[in-house]
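Student: First the structure, which I've put down as C-alpha cells, then a few questions once you've had a look.
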Amino acid sequence: METTAVKQVDKVVIKFAGDSGDGMQLTGTQFTGTSALLGNDIATFPDYPAEIRAPQGTVAGVSGFQVHIGHAHVYTPGDSPDVLVAMNAAALKANINDVAKGKTIILDTDNFKRKDWEKAGFKEDPLASGILRDFNLVEAPITSLTRTALEGLGLDNKSMVRSKNMFALGMVYWMFSRPLDYTERFLSEKFSKKPEIYEGNVRALKAGYNYADTIEALSSAATILPADMEPGLYKNVMGNEATAWGFLAAAEKAGKELFLGSYPITPASDILHELAKHKHFGAKAFQAEDEIAGITSAIGASFAGDLAITTTSGPGLALKGEALGLAVMTELPLVVVDVQRGGPSTGLPTKTEQSDLMQALYGRNGESPVVVVAAKSPADCFTMAYRASKIALEHITPVVLLTDGYVANGSQPWKIQKTVDMDDIKPHIVDPTMLNWKPYERDSASLARYWAYPGMAGYEHRVGGLEKDELTGDVSYVPENHEKMVQIREEKVQRVADYIPDLEVDGAQEGDLLVIGWGGTYGSLLTSINQCTSHDKKVGLAHFNYIKPLPKNTAEVFRKFKKLMVCELNNGQFVRYLRAELPEFEYLQFNKVQGLPFRVVELTHAINKVLFEK
Amino acid sequence: MSVETLEYTPKDFSSDQEVKWCPGCGDYAILKAVQKAMPEIGKKKEDIVFVSGIGCSSRFPYYMNTFGFHSIHGRAPALATGVKLANPNLSVWQITGDGDALAIGGNHFIHLIRRNVDINVLLFNNRIYGLTKGQFSPTTNLGQKTKSSPQGTIDNPFNPGELVIGANGKFFARATDTNLKQMTDIFIEAEKHKGASIVEIMQNCVIFNHHIYSNYTDKEVKEDNILQVEHGKPMIFGKESNKGLVLNGFKLQVVTLGENGITEKDILVHDAHEEDSTLHNMLAKLPMPIVTGVIRSVKDDTFEQRMKMQVEEVAKKSPYKSVDDLLVSGETWEIK
C-alpha cells in the first residue's frame, strides 16, 4: 500500500449513504475511528431519518454519515463530499446535488435496477441518463461481490448482504491508505460470540480493499498525514457522550453524587444511555415516566443534596417549564440540558436547529431568570457540562445548557483532560459556623443562598413555589418583598458574569466585521471568517458560550468592529436578545432554518456581501 | 436509632408557622395524628422530609418542623422519588389530595406505586377541589352538583384503593379524619412498610363538601357503617359486633352472627399480607360498610434497594474506578 503513487491531500470529505438498515452510521464511525488513530483532525455529522426503518429504497429512508478528515485543522464536517458512497439509487438521489462536478461517486450498481431508481424518484436510469457524466464514477456491484466473497462460510443470504457496508468501507480504506486493524478489532469484539459473522465481515472488508486496489478506484490512492495537534492524549468523542462525562467529572470534583432524571427524547437520549452505564460513580440515571417527572425528580434530588441534572430536547423543555420555575423560586442547583432540534412541536426530531434560545431564556411564567450557556462543538460539550455544573453548585441556581443535534451526534478529537487539572467546584453549602442561619440568607458577593439539605441536623426548613420572604424563606405575600425578590433573583443570575471568562475573539481582534455566533455553529463560522479575512478586510468571530449573563467585556468587543453580524440557525433569536441587552449597537443578521448546519460557502457569501457592499 | 430520637414529643414536629386551614377542616386532625406518629417512627428530625404538590392539603409541609418541600401541582411523587433516591436513609412523606394525586398528578401517582419507591403517601380525599373553590374532583360522586357541574357530574369517580391495587401497589390503608388513634397507628404502619405506602384519608371539607362522609363517620352510624380491618382478625363490625363479611361466590356479603347458623368461624379473617390482591380489591371497593385500616401490606423489593444492588454490581464489574479511568478508556492516541 505504501507506494510512490500515494499522493498526499490536506483534507477530504467522505459521505457514506444508504438505506437506514445498511449500517451507514457504523461504517462512518469506523472510518472516523481509524482516521483518528492515524492522528488526523476530524469532524463528523450523521444525518439520519426520524423513522427507525423508513420504507426501503426511498429517499425518506436514506441514512448518511459525513466525515471530514484533515492534515490541516478541520472545524466542520465539510460542505460537500469529495467522495460519496451511495449504496442504492435513493442514496444517490438524496445526495447528488451536494457533490461538485469532478468529485468521486462510488455506487453499488446492484441496487440500480429499474425498480430501484424508480422508487428513488428518478425519471430515467441515472447510470444511463448522463447525469453522472461529470463525476469520477466508480461503478461496483458491491452486493454481489460481497456475496461471492462470503461463499462457503455457511451464512444465509441476509447475513451475507448485510456485510456489504464492510465491503464499501474496505474500498474507501484503500482509497485513503487506511489500515484495517482498527475495524478488525472492533468486529472481533462486536461479534465475539458469532465467529461466522465476524469472519464474514472481515472477509467483506478485505475483499473491498483488494477490489479497490485491483480496479484502481482512484487514479491513485491518497493519504492524509496527521494533523498538527497540540501534544497530548486524544480520543474521538461525540457530543452527547462528552456531555455525560462532563457531568460525571463535575460530580466527582464537587464530591457529590450525580442524579439524572430524564425521559427518552431524540436527540438527547444518548446522554441518558451513557450515564446509565456508570451507576457506580454514584451516577443515578433515573428514567422517569415523563419529562415533568424527569425534572421534578431532579429537583427533589437537588433538594436532598445531589448534583442534579435533567436532559431533554425542545418539546421536553416546554413540558419542564413550570418545574424549572420552581427551581428558580426555591433557588436550587440544577442543570437542564436541551439538545435542540427543529421545531415547533415535534418538528424535525433528528435535525439540528438553534431555535430554543428564547424558550430557555424566557419560556416560563413570571419573571424567571436562569443562567443560559451553550456548547460550541462536540468536545466543548464536556467543558460546558462541567462549567454548567460548577455554576449551578456554586451559585445555587438552575442553569440551562443548550447543545444541538449537530454537536450532540457529531464527533471530533478531544484532548483528554485529567480531573486533577480541572477547576475546583465548591458547592455553596451552609457553613456550620454561621449563627442563626436563615434559608434565604445570601453570600454578599454572588447573592447565592446557602444549600442546606436533609440529613443536616439543625437546618430543617421548608421551601416551595410560593413567594418567599427575602430572609426567612417563609411564604410572603408582601408586595414590596415580591418586587425585591424578583430583582434579587435577576441580579443573582447577572452576577454570575463576575465568575465566567471574558469573551474571546477569533481572527481579527478589531476591524471591519465581527461575526457573532453561539453554540454549535462555531466550526462553520470559524472556517468562514478565516476564509474571508484578507489584507484589507479584517473579520473577527465572537462566539458565545455564555448567553445569560453575557460576558462582561461583550460591549467592549463589539465596539472594536465597524459592523456586527449575528449568524444563527433560527429566525433571529440571539440577535433579538442582543438588541434588547445591548441596544447601543446595530446588528446585521444571517439566518438559516432548514434543520441543517451552516455551509461554509453560504456563510462566506453572506460575509463577503457585507464586507464589499457599498 | 439514637436516644434523643426517642425523646421527641409531637410538639417537636410543630413548626413556627400559623396553620391556615379553614376552622373545622379535617386537615387539622390529620396534622395532629402525623405529629403524634413522628416520635414513634425512630427517625431523626433532620432525616424526615415532607413533600407536597398543590391544594389545601399540600400546605402541610409548612406546618411540620422537618425538611419540607411544597412543590407544584401533581408532581410531588416524582419530586419525592428524587429526594429518596438521592438519600435513601430519609423518611419521605408525600402529602396530597384527590385532585393533586388522581387528576393532574395521576401519572406520577401510579408510577410511584409501580416502582415501589419507599415513600409514605397520605392522600387527603375530600372528594372536591377546595383551594380553587368547589369544582368536582376525580373522586366526586357521580351526579353530584358542584360549581363546575351545576347539572351534576357525568364523570365516573376513581376509587383510590382500586387504583393503587391496579398499579400493583403493595400497601394500601384507609382511615377517617375523625379517628385520631387509627390514623396515628396507620401512619406508623405505613412508615414501617418498605415500599410505596398509600394511605387514603376520608377527609371532610367543611366549606365545599361538608358531610360527604357523614353516613360513615357520624357517631350514631359509624360502628354499623365502618369495618375496621386488622391483619389476622375476623372482619366483624357493628354496634353489637355481630356483623361480619363472608364470601358468597365471587362477592362479599354482610351477614349477622347468630342468624342462619352463622358463627364467628364463618367470618373471613383479614390477611393483609396475601400476595393475591383480589380480596383486598373487593374490600377497597366495598361501599357499605366502608373498610378502614391496613387493607393490603405485602413485602417486595423497593426501587432504591434494587438500585443499590445494581450500583454494587456495576462497581464490581466496571473496569473504571474513577472518572479519569473512564476518560482514557477506549481507543486513544498520543500526539507528541
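Following the order of the C-alpha cells, chains are lettered A, B, ..., residues in each are numbered from 1, and ligands are numbered from 1.
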Could you please tell me, as a PyMOL selection string, which residues of chain A have an atom within 7 Å of chain B when using only C-alpha atoms?
Tutor: chain A and resi 37+229+231-235+248-249+279-280+289+293+296-301+303-306+416+418-419+454-457+460-465
Student: Go through range 71-246 of chain B and collect every residue that DSSP, computed from the backbone, puts in strand (DSSP E or B); the answer should be as a PyMOL selection string.
Tutor: chain B and resi 91-97+119-125+146+149+171-176+197-202+226-229+234+236-237+243-246
Student: Skipping near chain neighbours, those fewer than 6 positions away, what residues fall within 6 Å of range 173-181 of chain B using only C-alpha atoms, listed as a ChimeraX atom specification?
Tutor: /B:26,33,199-203,292-295
Student: Please run DSSP on the backbone and report, as an MDAnalysis selection string, all residues within range 67-298 of chain B that come out as alpha helix (DSSP H).
Tutor: chainID B and resid 76:86 98:99 106:115 160:166 180:192 214:217 219:225 278:285
Student: Select, from A:Ser80, A:Ser35, A:Gln56, A:Gln531, the residue with the minimum atom-to-atom distance to Ala120 in chain A, counting only C-alpha atoms.
Tutor: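 Looking only at the distances to Ala120 in chain A, the closest residue turns out to be A:Gln56.
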